[in-house]
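Q: I'd like to ask you about the structure that follows.
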Number of protein chains: 4
Amino acid sequence: MIYFLSDYSQGAHPAVMEALMRTNMEHSDGYGTDRHCEHAASMIKEMIGIQDVQVHMMVGGTPCNITTIAAALRPYESVIALRTGHIYSHETGAIEATGHRVIAMDGVNGKLTPKLIDKALEEHQDEHTALPGMVYISQPTECGSVYSKAELTAISDKCREKSLYLYVDGARLGAALTCDRNDLSLSELAKLCDVFYIGGTKNGALFGEALVIRRPEIDHCFRYMIKRQGGLLARGRLIGVQFEALLEGGENSLYFKTAAHANKMAKIIREELGALGIAFYSNSPTNQVFPVLPTSVVTELKKDFAFHEWAPEKDGMIPIRLVTAWGTEEKDVECLVQAVKKLYRNMK
Amino acid sequence: MIYFLSDYSQGAHPAVMEALMRTNMEHSDGYGTDRHCEHAASMIKEMIGIQDVQVHMMVGGTPCNITTIAAALRPYESVIALRTGHIYSHETGAIEATGHRVIAMDGVNGKLTPKLIDKALEEHQDEHTALPGMVYISQPTECGSVYSKAELTAISDKCREKSLYLYVDGARLGAALTCDRNDLSLSELAKLCDVFYIGGTKNGALFGEALVIRRPEIDHCFRYMIKRQGGLLARGRLIGVQFEALLEGGENSLYFKTAAHANKMAKIIREELGALGIAFYSNSPTNQVFPVLPTSVVTELKKDFAFHEWAPEKDGMIPIRLVTAWGTEEKDVECLVQAVKKLYRNMK
Amino acid sequence: MIYFLSDYSQGAHPAVMEALMRTNMEHSDGYGTDRHCEHAASMIKEMIGIQDVQVHMMVGGTPCNITTIAAALRPYESVIALRTGHIYSHETGAIEATGHRVIAMDGVNGKLTPKLIDKALEEHQDEHTALPGMVYISQPTECGSVYSKAELTAISDKCREKSLYLYVDGARLGAALTCDRNDLSLSELAKLCDVFYIGGTKNGALFGEALVIRRPEIDHCFRYMIKRQGGLLARGRLIGVQFEALLEGGENSLYFKTAAHANKMAKIIREELGALGIAFYSNSPTNQVFPVLPTSVVTELKKDFAFHEWAPEKDGMIPIRLVTAWGTEEKDVECLVQAVKKLYRNMK
Amino acid sequence: MIYFLSDYSQGAHPAVMEALMRTNMEHSDGYGTDRHCEHAASMIKEMIGIQDVQVHMMVGGTPCNITTIAAALRPYESVIALRTGHIYSHETGAIEATGHRVIAMDGVNGKLTPKLIDKALEEHQDEHTALPGMVYISQPTECGSVYSKAELTAISDKCREKSLYLYVDGARLGAALTCDRNDLSLSELAKLCDVFYIGGTKNGALFGEALVIRRPEIDHCFRYMIKRQGGLLARGRLIGVQFEALLEGGENSLYFKTAAHANKMAKIIREELGALGIAFYSNSPTNQVFPVLPTSVVTELKKDFAFHEWAPEKDGMIPIRLVTAWGTEEKDVECLVQAVKKLYRNMK
């Protein structure tokens with residue numbers, strides 16, 4: 001079985017494991033108040049070129065999202081997102097569990113636009129409505145697409161015009177930053193939003209995300225919020241140690257290398273399958289590929305490859321999701337491509 | 001100034017006030033555990049022809065909605081509603097404040113359909129989503145339309161098939177039951193849903209709604225829930241007394257008479273304005289009328305009549321909402337019609 | 001049956017009912033945005049001698065408490081109260097339902113002290129605890145006692161020293177202000193706290209409390225909060241109309257007269273029963289009296305008088321609660337006193 | 001610097017790290033639906049001798065507590081705990097954030113009793129109160145003491161009599177089960193309660209606890225609850241892998257060996273310090289020791305040893321907490337004992 005199931009089906013990058021082993025016998029204070037977390041935070045400040053931020057080492061993406069949203073919004077405020085956004089489509093109502101509405105909009109190629117923000121504001125504007133206080137987007141999006149600098153700037157401008165915080169979910173941020181269609185630097189992205197996170201779980205860490213908060217009022221007593229939401233890890237340093245390993249070297253760090261590698265593997269799949277005339281469910285330049293395949297092909301592929309069906313069958317075709325990761329090897333990709341080619345030949 | 005602002009801009013029907021005056025010096029236990037509430041409840045059981053229900057006298061519609069939904073759903077469950085539904089569009093995130101998602105769908109003529117329920121279920125079906133546990137509709141809808149017996153039966157069947165509770169918000173239930181397009185009896189409606197309320201506030205009471213719960217598991221410790229949500233009125237009997245006055249006489253009660261009167265007043269407006277070729281924003285046979293008028297006409301009308309603009313101006317036209325109520329008099333309606341006619345004549 | 005059950009077992013004071021009748025046919029905007037609410041608010045500002053406050057007309061005490069606390073506190077913050085405090089002992093976890101802890105302390109004669117505040121702070125001081133953000137007290141307390149000016153000042157000073165909001169629940173505020181042991185004016189009380197309410201329900205209104213907010217940050221978007229918590233009444237003006245009737249005349253208003261009357265009735269009971277050597281469960285100078293009576297006396301009294309047993313039987317004695325109100329007549333009190341006297345004579 | 005700071009100041013036991021390394025390159029499904037989690041669960045069922053339970057691999061103790069309590073209780077229900085209980089004293093209001101009250105009682109030697117449960121029930125018994133639905137205790141307690149079989153049985157009996165769930169927080173369960181005062185087997189403990197967890201974080205794991213649920217109604221859709229509370233780890237298998245390593249061998253497993261070792265190290269400290277006449281803040285037979293030392297001694301000790309001061313200085317004495325763990329070596333303990341002895345000699 002060859003895996004294209006998710007970017008967390010395997011463990012951590014060996015260099016991350018090695019760092020955890022190397023530091024295992026150290027003693028430190030708990031809950032992320034240790035030198036590794038501090039060092040990782042300073043590395044991030046350096047990378048984004050902004051010193052005046054707070055960095056919190058978080059266990060996972062949902063903890064980032066619920067804690068940030070609950071900390072940033074007043075009780076009656078809501079967050080604007082897409083129906084495909086992770087906080088709407090994959091978190092079991094965790095945001096609503098903190099008392100806040102997710103205003104779910106239908107996007108275009110998985111992306112939010114200033115126009116959609118206006119539409120959400122139009123339906124939420126008096127005291128009988130859950131006033132929007134934040135805009136949530138993912139970079140890349142759930143379907144692998146990326147916001148261009150122009151697109152993100154337009155959203156950022158709209159947010160500032162309307163006094164909305166802009167929060168960027170960076171679960172796969174590495175994939176966005178290293179894909180060949182990207183025109184945004186990490187530093188530019190940081191400046192366009194109020195809070196975002198640099199995802200570790202889906203890019204070589206065992207677990208962990210680095211949440212970067214630019215607004216002091218969101219950060220106010222944020223550690224209380226993390227604990228209250230159940231997200232403060234006793235051995236908080238584990239996340240710090242992993243980010244040290246991932247970010248060492250800045251632009252040449254493992255973080256960018258593993259992401260670029262995953263993108264490269266995905267690109268091969270995309271190009272090879274595209275050459276067969278296969279269409280894609282989503283226009284993704286990152287490490288997720290969504291070919292739409294005949295049901296019979298999907299059935300056969302499943303015997304040797306692990307992946308998710310992404311949407312219900314329609315007219316005999318099924319969109320599947322193939323995810324590449326730090327551990328995906330060129331030979332895995334080659335195997336997959338050959339298998340699809342063979343199945344297509346046999347269909348004729 | 002003549003008021004078509006809302007069905008609660010005036011006070012209560014004089015007969016309701018009289019009942020409150022007559023019983024004012026009585027003593028009773030607090031919090032709705034008195035003989036008036038008990039009597040009103042038994043009148044309702046009689047009217048709907050089902051004895052095996054629980055009736056709670058509630059202060060208002062939002063308390064009905066939040067208490068019922070919070071009592072019926074498990075923490076991770078959500079409620080399917082329309083984007084125009086009151087719990088989504090007019091309650092400031094009160095449902096989300098209890099920790100539950102409102103899945104907001106786009107309706108047709110303000111109505112939900114089995115197909116839309118399926119669509120909501122499709123996007124919420126695994127453990128990473130906020131599993132739907134209830135369907136919320138209003139009868140009549142926010143835009144005045146009514147579900148036919150066939151439509152409500154289809155929704156009810158879908159709900160039972162999918163193990164979803166069906167909750168009918170009856171803030172203006174009287175208007176639905178007495179409109180000339182209605183083919184549903186109160187008893188039939190009661191049997192098709194799991195919980196609903198008979199609205200008093202918008203049909204002649206000072207305030208108060210009678211919540212009818214058919215499922216024992218929703219009713220379990222419901223009074224604890226009312227209190228927890230801040231909705232248990234010290235002088236609970238006030239609501240019982242009002243419903244006694246409204247429901248006395250069953251089919252011939254004030255409740256149906258005032259609603260029928262309001263509908264009749266609305267019908268005159270609808271017909272007279274329709275005869276002028278005026279279009280309507282919504283197809284409403286009940287006590288709300290939504291003519292789409294030229295901006296200049298709206299501006300003039302506002303000098304003598306109170307009403308809400310219902311949507312933003314578009315192409316020089318504004319949809320307004322005219323609401324009739326127990327206190328609307330035929331001469332008020334006549335005045336309005338004449339004013340519009342005159343303004344239309346002047347336009348030409 | 002003569003009632004000493006609660007101060008809301010009867011309806012409203014006739015003058016309040018009269019005002020509701022008189023204004024019933026008026027039209028107004030909904031949700032408390034009408035001239036009666038505005039007028040009542042300005043009367044209150046006048047009475048407390050502070051113009052720079054916001055006044056909100058609320059349906060009941062629990063809505064005041066949950067809305068204020070949820071608006072004032074950050075998510076991880078808690079409110080310090082007594083175990084006997086209404087928010088801890090009588091609101092079914094409504095505060096916790098908004099996500100905030102009530103830190104419950106054991107009081108002395110039903111009162112909180114600066115020392116108890118310090119104790120609560122001591123156990124809640126790092127990021128692993130629910131940081132206190134507010135102190136909640138009732139004036140008078142649940143057991144009828146009143147804070148003296150010195151006591152309230154000491155609590156207020158402690159709150160300011162520790163950056164805690166001070167919130168005074170005035171469900172029976174009239175009784176406190178008019179009792180013969182009171183040395184605090186309404187204006188002084190207002191200045192010592194950050195938010196408080198003037199209770200209507202338990203002092204002659206059908207329902208309704210006037211919430212007075214002195215801190216702009218608590219008031220920020222407060223109407224959104226009221227709606228979100230389910231507490232915004234459609235005919236909001238009803239509360240305004242009632243407070244106009246209650247407060248007309250300032251110091252000589254119905255509000256103070258009815259409270260003074262209730263206190264006077266309670267005082268007769270207290271003095272007459274005290275003269276019989278009867279002890280009291282609580283030292284209350286207000287409209288609640290808590291005589292501790294032999295079980296046999298309680299059993300007999302129950303045949304002709306309605307009241308609550310306040311605590312379980314102990315050593316053959318039961319503390320009962322007798323509440324007087326605007327409608328309690330001197331002959332009711334006389335009846336009660338004679339009945340007790342007779343039962344005591346018979347015991348010997 | 002020698003560490004007695006916490007049982008998570010160092011990393012994981014080497015055997016746990018080895019297991020993580022060995023399995024790192026495997027692929028598996030996410031979110032704990034893998035063979036390691038399944039295997040660890042079956043090992044636990046075997047150990048407790050009950051097959052009819054559900055086991056969930058959780059990230060930490062607070063996630064266990066909030067998820068279990070939110071899943072088990074109806075919205076208006078509360079949980080009875082001690083003021084020193086972890087959910088009251090160390091989780092920043094995380095339980096209240098799910099809408100439930102923690103009823104905080106004062107314990108004896110850190111323990112809850114049936115009598116205290118009765119007391120909590122007495123103050124919460126009508127619809128105006130937050131009805132208790134669960135009892136929460138820790139084994140061992142926060143101050144290191146352990147419930148005997150008789151004590152736990154009495155609590156369990158009381159819970160069943162009163163229809164309260166009994167939840168045992170086993171963050172340091174290994175220490176309780178292996179201490180020389182313990183007379184309870186894991187299997188007996190499991191049978192006396194409805195839900196409990198076997199703590200990994202504080203007994204050799206990097207992180208992770210195994211939650212064991214005996215009541216199907218608490219387990220109903222529990223994975224939805226974990227996700228909703230933000231606690232579902234993408235690489236859920238990491239926790240399964242760690243518990244496999246810890247539990248391999250049953251009674252002779254690493255889990256019991258590391259706990260017994262930590263207890264043994266603590267016992268040496270306790271006996272050696274006790275022999276000096278030093279008193280203890282708490283009577284703990286487990287891996288936490290709370291000697292009360294002169295402030296001057298504490299000041300000196302801090303130069304070479306890391307530990308927490310446990311309560312404020314009083315009469316020149318400070319209670320400190322010394323925690324031993326899997327990594328504490330006999331020479332560390334010897335160093336500490338010698339240091340204290342020397343400081344005591346110098347005082348004379």
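Going by the structure tokens order, chains are called A, B, ..., each with residues numbered from 1, while ligands are numbered from 1 in the order shown.
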At a cut-off of 7 Å, which residues of chain D touch chain B? Count only C-alpha atoms and give the answer as a list in words.
A: Tyr76, Glu127, His128, Arg223, Tyr224, Met225, Lys227 and Arg228 of chain D
Q: Based on the selection just made, write all heavy atoms of those residues as an mmCIF file, in the first residue's frame.
A:
data_model
loop_
_atom_site.group_PDB
_atom_site.id
_atom_site.type_symbol
_atom_site.label_atom_id
_atom_site.label_comp_id
_atom_site.auth_asym_id
_atom_site.auth_seq_id
_atom_site.Cartn_x
_atom_site.Cartn_y
_atom_site.Cartn_z
ATOM 1 N N TYR D 76 -27.726 21.896 32.307
ATOM 2 C CA TYR D 76 -27.928 22.557 33.604
ATOM 3 C C TYR D 76 -27.251 21.807 34.746
ATOM 4 O O TYR D 76 -27.336 22.229 35.901
ATOM 5 C CB TYR D 76 -29.434 22.672 33.899
ATOM 6 C CG TYR D 76 -30.114 21.346 33.734
ATOM 7 C CD1 TYR D 76 -30.137 20.410 34.765
ATOM 8 C CD2 TYR D 76 -30.683 20.991 32.515
ATOM 9 C CE1 TYR D 76 -30.709 19.170 34.590
ATOM 10 C CE2 TYR D 76 -31.257 19.745 32.331
ATOM 11 C CZ TYR D 76 -31.272 18.838 33.379
ATOM 12 O OH TYR D 76 -31.824 17.610 33.205
ATOM 13 N N GLU D 127 -35.263 23.349 40.959
ATOM 14 C CA GLU D 127 -35.044 23.782 39.584
ATOM 15 C C GLU D 127 -34.365 25.153 39.473
ATOM 16 O O GLU D 127 -34.067 25.596 38.371
ATOM 17 C CB GLU D 127 -36.364 23.763 38.802
ATOM 18 C CG GLU D 127 -37.357 24.805 39.245
ATOM 19 C CD GLU D 127 -38.776 24.513 38.752
ATOM 20 O OE1 GLU D 127 -39.089 23.366 38.418
ATOM 21 O OE2 GLU D 127 -39.575 25.454 38.707
ATOM 22 N N HIS D 128 -34.115 25.774 40.619
ATOM 23 C CA HIS D 128 -33.364 27.032 40.586
ATOM 24 C C HIS D 128 -31.876 26.804 40.818
ATOM 25 O O HIS D 128 -31.114 27.767 40.954
ATOM 26 C CB HIS D 128 -33.928 28.004 41.622
ATOM 27 C CG HIS D 128 -35.346 28.382 41.340
ATOM 28 N ND1 HIS D 128 -35.682 29.502 40.640
ATOM 29 C CD2 HIS D 128 -36.503 27.745 41.590
ATOM 30 C CE1 HIS D 128 -36.997 29.562 40.496
ATOM 31 N NE2 HIS D 128 -37.531 28.500 41.062
ATOM 32 N N ARG D 223 -16.303 10.789 20.124
ATOM 33 C CA ARG D 223 -15.269 11.339 19.238
ATOM 34 C C ARG D 223 -15.701 12.688 18.664
ATOM 35 O O ARG D 223 -14.849 13.567 18.436
ATOM 36 C CB ARG D 223 -14.924 10.334 18.137
ATOM 37 C CG ARG D 223 -14.095 9.159 18.703
ATOM 38 C CD ARG D 223 -13.832 8.089 17.672
ATOM 39 N NE ARG D 223 -13.171 8.630 16.507
ATOM 40 C CZ ARG D 223 -11.851 8.880 16.419
ATOM 41 N NH1 ARG D 223 -11.073 8.617 17.423
ATOM 42 N NH2 ARG D 223 -11.339 9.369 15.312
ATOM 43 N N TYR D 224 -16.981 12.866 18.460
ATOM 44 C CA TYR D 224 -17.466 14.203 18.078
ATOM 45 C C TYR D 224 -17.133 15.210 19.185
ATOM 46 O O TYR D 224 -16.750 16.343 18.925
ATOM 47 C CB TYR D 224 -18.982 14.168 17.888
ATOM 48 C CG TYR D 224 -19.478 13.555 16.611
ATOM 49 C CD1 TYR D 224 -19.603 12.169 16.478
ATOM 50 C CD2 TYR D 224 -19.846 14.347 15.524
ATOM 51 C CE1 TYR D 224 -20.081 11.600 15.317
ATOM 52 C CE2 TYR D 224 -20.324 13.779 14.340
ATOM 53 C CZ TYR D 224 -20.429 12.399 14.243
ATOM 54 O OH TYR D 224 -20.894 11.844 13.079
ATOM 55 N N MET D 225 -17.337 14.743 20.414
ATOM 56 C CA MET D 225 -17.069 15.637 21.551
ATOM 57 C C MET D 225 -15.583 15.990 21.640
ATOM 58 O O MET D 225 -15.223 17.127 21.907
ATOM 59 C CB MET D 225 -17.514 14.968 22.855
ATOM 60 C CG MET D 225 -19.012 14.873 23.026
ATOM 61 S SD MET D 225 -19.880 16.481 23.058
ATOM 62 C CE MET D 225 -19.132 17.280 24.481
ATOM 63 N N LYS D 227 -13.417 16.137 19.254
ATOM 64 C CA LYS D 227 -13.096 17.077 18.181
ATOM 65 C C LYS D 227 -13.646 18.463 18.495
ATOM 66 O O LYS D 227 -12.950 19.469 18.346
ATOM 67 C CB LYS D 227 -13.701 16.571 16.862
ATOM 68 C CG LYS D 227 -13.375 17.444 15.652
ATOM 69 C CD LYS D 227 -11.915 17.379 15.279
ATOM 70 C CE LYS D 227 -11.554 18.366 14.173
ATOM 71 N NZ LYS D 227 -10.143 18.284 13.820
ATOM 72 N N ARG D 228 -14.895 18.505 18.930
ATOM 73 C CA ARG D 228 -15.535 19.788 19.262
ATOM 74 C C ARG D 228 -14.765 20.545 20.334
ATOM 75 O O ARG D 228 -14.713 21.770 20.354
ATOM 76 C CB ARG D 228 -16.947 19.498 19.761
ATOM 77 C CG ARG D 228 -17.712 20.736 20.183
ATOM 78 C CD ARG D 228 -18.826 20.358 21.134
ATOM 79 N NE ARG D 228 -19.788 21.424 21.277
ATOM 80 C CZ ARG D 228 -20.104 21.965 22.463
ATOM 81 N NH1 ARG D 228 -19.536 21.547 23.554
ATOM 82 N NH2 ARG D 228 -20.996 22.946 22.526
#
Q: Please list as a PyMOL selection string every residue within 8 Å of stretch 2-10 of chain D, counting only C-alpha atoms and excluding residues in the same chain fewer than 3 positions away.
A: (chain A and resi 24-30+234-235) or (chain D and resi 201-203+304-308+321-327+332)
Q: So that I have them on file, write out the residues from the current selection with N, CA, C and O atoms, as a CSV table (one decimal), in the first residue's frame.
A:
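Printed below is out-v8.csv as written:
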chain,number,residue,atom,x,y,z
A,24,ASN,N,15.6,15.0,25.0
A,24,ASN,CA,14.7,14.3,25.9
A,24,ASN,C,15.0,14.3,27.4
A,24,ASN,O,14.2,14.4,28.2
A,25,MET,N,16.3,14.3,27.7
A,25,MET,CA,16.7,14.2,29.1
A,25,MET,C,16.8,15.5,29.8
A,25,MET,O,17.1,15.6,31.0
A,26,GLU,N,16.7,16.6,29.0
A,26,GLU,CA,16.8,17.9,29.6
A,26,GLU,C,15.6,18.1,30.6
A,26,GLU,O,14.5,17.5,30.4
A,27,HIS,N,15.8,19.0,31.6
A,27,HIS,CA,14.7,19.4,32.4
A,27,HIS,C,14.3,20.8,32.0
A,27,HIS,O,15.1,21.6,31.6
A,28,SER,N,13.0,21.1,32.1
A,28,SER,CA,12.6,22.5,31.9
A,28,SER,C,11.3,22.8,32.5
A,28,SER,O,10.6,21.9,33.0
A,29,ASP,N,11.0,24.0,32.6
A,29,ASP,CA,9.7,24.4,33.1
A,29,ASP,C,8.6,23.9,32.2
A,29,ASP,O,8.9,23.7,31.0
A,30,GLY,N,7.4,23.8,32.7
A,30,GLY,CA,6.3,23.3,31.9
A,30,GLY,C,5.5,24.3,31.1
A,30,GLY,O,5.9,25.5,31.1
A,234,ALA,N,1.5,20.1,28.9
A,234,ALA,CA,2.4,20.1,30.0
A,234,ALA,C,3.9,20.2,29.5
A,234,ALA,O,4.6,21.1,29.9
A,235,ARG,N,4.3,19.3,28.6
A,235,ARG,CA,5.6,19.4,28.1
A,235,ARG,C,5.6,20.3,26.8
A,235,ARG,O,5.9,19.9,25.7
D,201,THR,N,1.1,11.3,30.8
D,201,THR,CA,2.0,12.5,30.9
D,201,THR,C,2.9,12.5,32.1
D,201,THR,O,4.1,12.9,32.0
D,202,LYS,N,2.3,12.2,33.2
D,202,LYS,CA,3.1,12.3,34.5
D,202,LYS,C,3.7,11.0,34.9
D,202,LYS,O,4.1,10.8,36.0
D,203,ASN,N,3.7,10.0,34.0
D,203,ASN,CA,4.3,8.7,34.3
D,203,ASN,C,5.1,8.1,33.1
D,203,ASN,O,4.9,7.0,32.8
D,304,ASP,N,20.3,25.1,44.3
D,304,ASP,CA,20.8,23.9,43.7
D,304,ASP,C,19.6,23.0,43.2
D,304,ASP,O,19.9,22.0,42.5
D,305,PHE,N,18.4,23.3,43.7
D,305,PHE,CA,17.3,22.4,43.4
D,305,PHE,C,16.1,23.2,42.9
D,305,PHE,O,15.9,24.3,43.3
D,306,ALA,N,15.4,22.5,41.9
D,306,ALA,CA,14.2,23.2,41.4
D,306,ALA,C,13.0,22.5,41.9
D,306,ALA,O,12.9,21.3,41.9
D,307,PHE,N,12.1,23.3,42.5
D,307,PHE,CA,10.9,22.8,43.1
D,307,PHE,C,9.9,24.0,43.2
D,307,PHE,O,10.3,25.1,43.0
D,308,HIS,N,8.7,23.7,43.5
D,308,HIS,CA,7.7,24.8,43.7
D,308,HIS,C,7.4,25.0,45.2
D,308,HIS,O,7.4,24.1,46.0
D,321,ARG,N,6.9,21.8,47.4
D,321,ARG,CA,6.5,20.5,46.8
D,321,ARG,C,7.7,19.9,46.1
D,321,ARG,O,8.3,20.6,45.2
D,322,LEU,N,8.1,18.7,46.4
D,322,LEU,CA,9.1,17.9,45.7
D,322,LEU,C,8.5,16.8,45.0
D,322,LEU,O,7.7,16.0,45.6
D,323,VAL,N,8.7,16.8,43.6
D,323,VAL,CA,8.1,15.7,42.8
D,323,VAL,C,9.2,14.8,42.3
D,323,VAL,O,10.1,15.3,41.7
D,324,THR,N,9.0,13.5,42.4
D,324,THR,CA,9.9,12.6,41.8
D,324,THR,C,9.3,12.0,40.6
D,324,THR,O,8.0,12.0,40.5
D,325,ALA,N,10.1,11.4,39.7
D,325,ALA,CA,9.5,10.9,38.5
D,325,ALA,C,10.4,9.7,38.0
D,325,ALA,O,11.3,9.3,38.7
D,326,TRP,N,10.0,9.2,36.8
D,326,TRP,CA,10.8,8.1,36.2
D,326,TRP,C,12.2,8.4,36.2
D,326,TRP,O,13.1,7.5,36.3
D,327,GLY,N,12.6,9.6,36.0
D,327,GLY,CA,14.0,10.0,35.7
D,327,GLY,C,14.8,10.4,37.0
D,327,GLY,O,16.0,10.6,36.9
D,332,ASP,N,20.2,11.9,43.1
D,332,ASP,CA,19.6,13.2,43.2
D,332,ASP,C,18.9,13.3,44.6
D,332,ASP,O,19.0,14.4,45.2
Q: In Å, rounded to a single decimal, give me how far atom CA of A:Ile87 is from atom CA of A:Gly49.
A: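 These two atoms are separated by 28.4 Å.
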Q: Which residues in stretch 186-344 of chain A does DSSP call strand (DSSP E)? List them as a ChimeraX atom specification.
A: /A:195-199,209-213,288-289,292-294,305-306,308-309,317-323
Q: What is the atom CA of A:Ser145 to atom CA of A:Thr286 distance in Å?
A: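 Computing it gives 7.0 Å between the two atoms.
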Q: Which neighbours of A:Ala260 fall inside 10 Å, counting only C-alpha atoms, when residues of the same chain fewer than 2 positions from it are skipped, and could you give them as a PyMOL selection string?
A: chain A and resi 174-180+254-258+262-266+286-287+325-326
Q: Just list the residues in stretch 19-55 of chain A DSSP gives alpha helix (DSSP H) on the backbone, as number ranges by chain.
A: A: 19-22, 35-48
Q: Report, in Å with one decimal, the straight-line distance from atom CA of C:Ile198 to atom CA of C:Leu247.
A: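 Separation between atom CA of C:Ile198 and atom CA of C:Leu247: 10.6 Å.
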Q: For D:Arg345, please output as a list in words all residues within 12 Å (counting only C-alpha atoms; exclusion window: fewer than 5 positions along the same chain).
A: Leu276, Val297, Gln338, Ala339 and Val340 of chain D
Q: Could you list, as a PyMOL selection string, every residue within 9 Å of A:Phe280, counting only C-alpha atoms and ignoring same-chain residues fewer than 6 positions away?
A: chain A and resi 270+274+289-293+319
Q: Can you list, as number ranges by chain, every protein, DNA or RNA residue that comes within 7 Å of A:Met57 when you count only C-alpha atoms, leaving out same-chain residues fewer than 4 positions away?
A: A: 32, 37, 208-211, 239-240
Q: Restrict the selected residues to C-alpha atoms and save them as a short mmCIF file (atom, residue, chain, number, x, y, z; two decimals), in the first residue's frame.
A:
data_model
loop_
_atom_site.label_atom_id
_atom_site.label_comp_id
_atom_site.auth_asym_id
_atom_site.auth_seq_id
_atom_site.Cartn_x
_atom_site.Cartn_y
_atom_site.Cartn_z
CA GLY A 32 5.78 26.31 27.01
CA CYS A 37 9.82 27.70 22.88
CA GLY A 208 2.37 21.53 16.78
CA GLU A 209 1.66 24.90 15.20
CA ALA A 210 3.24 28.27 15.86
CA LEU A 211 0.58 30.90 16.36
CA ILE A 239 6.62 22.05 20.22
CA GLY A 240 9.45 24.50 20.65
#
Q: Smallest atom-to-atom distance to D:Gln288: which of D:Arg181, D:Lys342, D:Lys348, D:Arg172, using only C-alpha atoms?
A: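 Of all the options, D:Arg172 lies closest to D:Gln288.
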Q: Show which residues sit within 9 Å of A:Ser42, as a ChimeraX atom specification. Count only C-alpha atoms, and ignore same-chain residues fewer than 4 positions away.
A: /A:37-38,46-47,51,55
Q: Any chance you can output those residues with all heavy atoms as a short mmCIF file (atom, residue, chain, number, x, y, z; two decimals), in the first residue's frame?
A:
data_model
loop_
_atom_site.label_atom_id
_atom_site.label_comp_id
_atom_site.auth_asym_id
_atom_site.auth_seq_id
_atom_site.Cartn_x
_atom_site.Cartn_y
_atom_site.Cartn_z
N CYS A 37 10.98 26.94 23.40
CA CYS A 37 9.82 27.70 22.88
C CYS A 37 10.23 29.15 22.64
O CYS A 37 9.84 29.76 21.63
CB CYS A 37 8.64 27.63 23.86
SG CYS A 37 7.85 26.00 23.87
N GLU A 38 11.00 29.66 23.56
CA GLU A 38 11.45 31.04 23.43
C GLU A 38 12.33 31.20 22.19
O GLU A 38 12.18 32.17 21.42
CB GLU A 38 12.23 31.42 24.70
CG GLU A 38 12.36 32.90 24.93
CD GLU A 38 13.17 33.19 26.20
OE1 GLU A 38 13.13 32.35 27.14
OE2 GLU A 38 13.85 34.23 26.22
N GLU A 46 12.27 36.65 13.60
CA GLU A 46 13.34 36.94 12.64
C GLU A 46 12.85 36.68 11.20
O GLU A 46 12.99 37.53 10.31
CB GLU A 46 14.54 36.04 12.97
CG GLU A 46 15.84 36.41 12.28
CD GLU A 46 16.36 37.76 12.76
OE1 GLU A 46 16.06 38.14 13.92
OE2 GLU A 46 17.03 38.43 11.95
N MET A 47 12.26 35.50 11.01
CA MET A 47 11.80 35.10 9.67
C MET A 47 10.76 36.04 9.09
O MET A 47 10.76 36.32 7.89
CB MET A 47 11.16 33.71 9.74
CG MET A 47 12.12 32.56 9.63
SD MET A 47 11.24 31.00 9.94
CE MET A 47 10.22 30.89 8.46
N GLN A 51 9.33 42.13 15.03
CA GLN A 51 9.66 41.75 16.40
C GLN A 51 8.46 41.89 17.32
O GLN A 51 8.34 41.19 18.33
CB GLN A 51 10.82 42.62 16.92
CG GLN A 51 12.17 42.28 16.30
CD GLN A 51 12.61 40.84 16.58
OE1 GLN A 51 12.47 40.33 17.68
NE2 GLN A 51 13.11 40.16 15.55
N VAL A 55 4.30 34.95 19.96
CA VAL A 55 4.25 33.63 19.34
C VAL A 55 3.87 32.60 20.42
O VAL A 55 4.46 32.61 21.51
CB VAL A 55 5.62 33.26 18.73
CG1 VAL A 55 5.55 31.88 18.08
CG2 VAL A 55 6.04 34.32 17.71
#
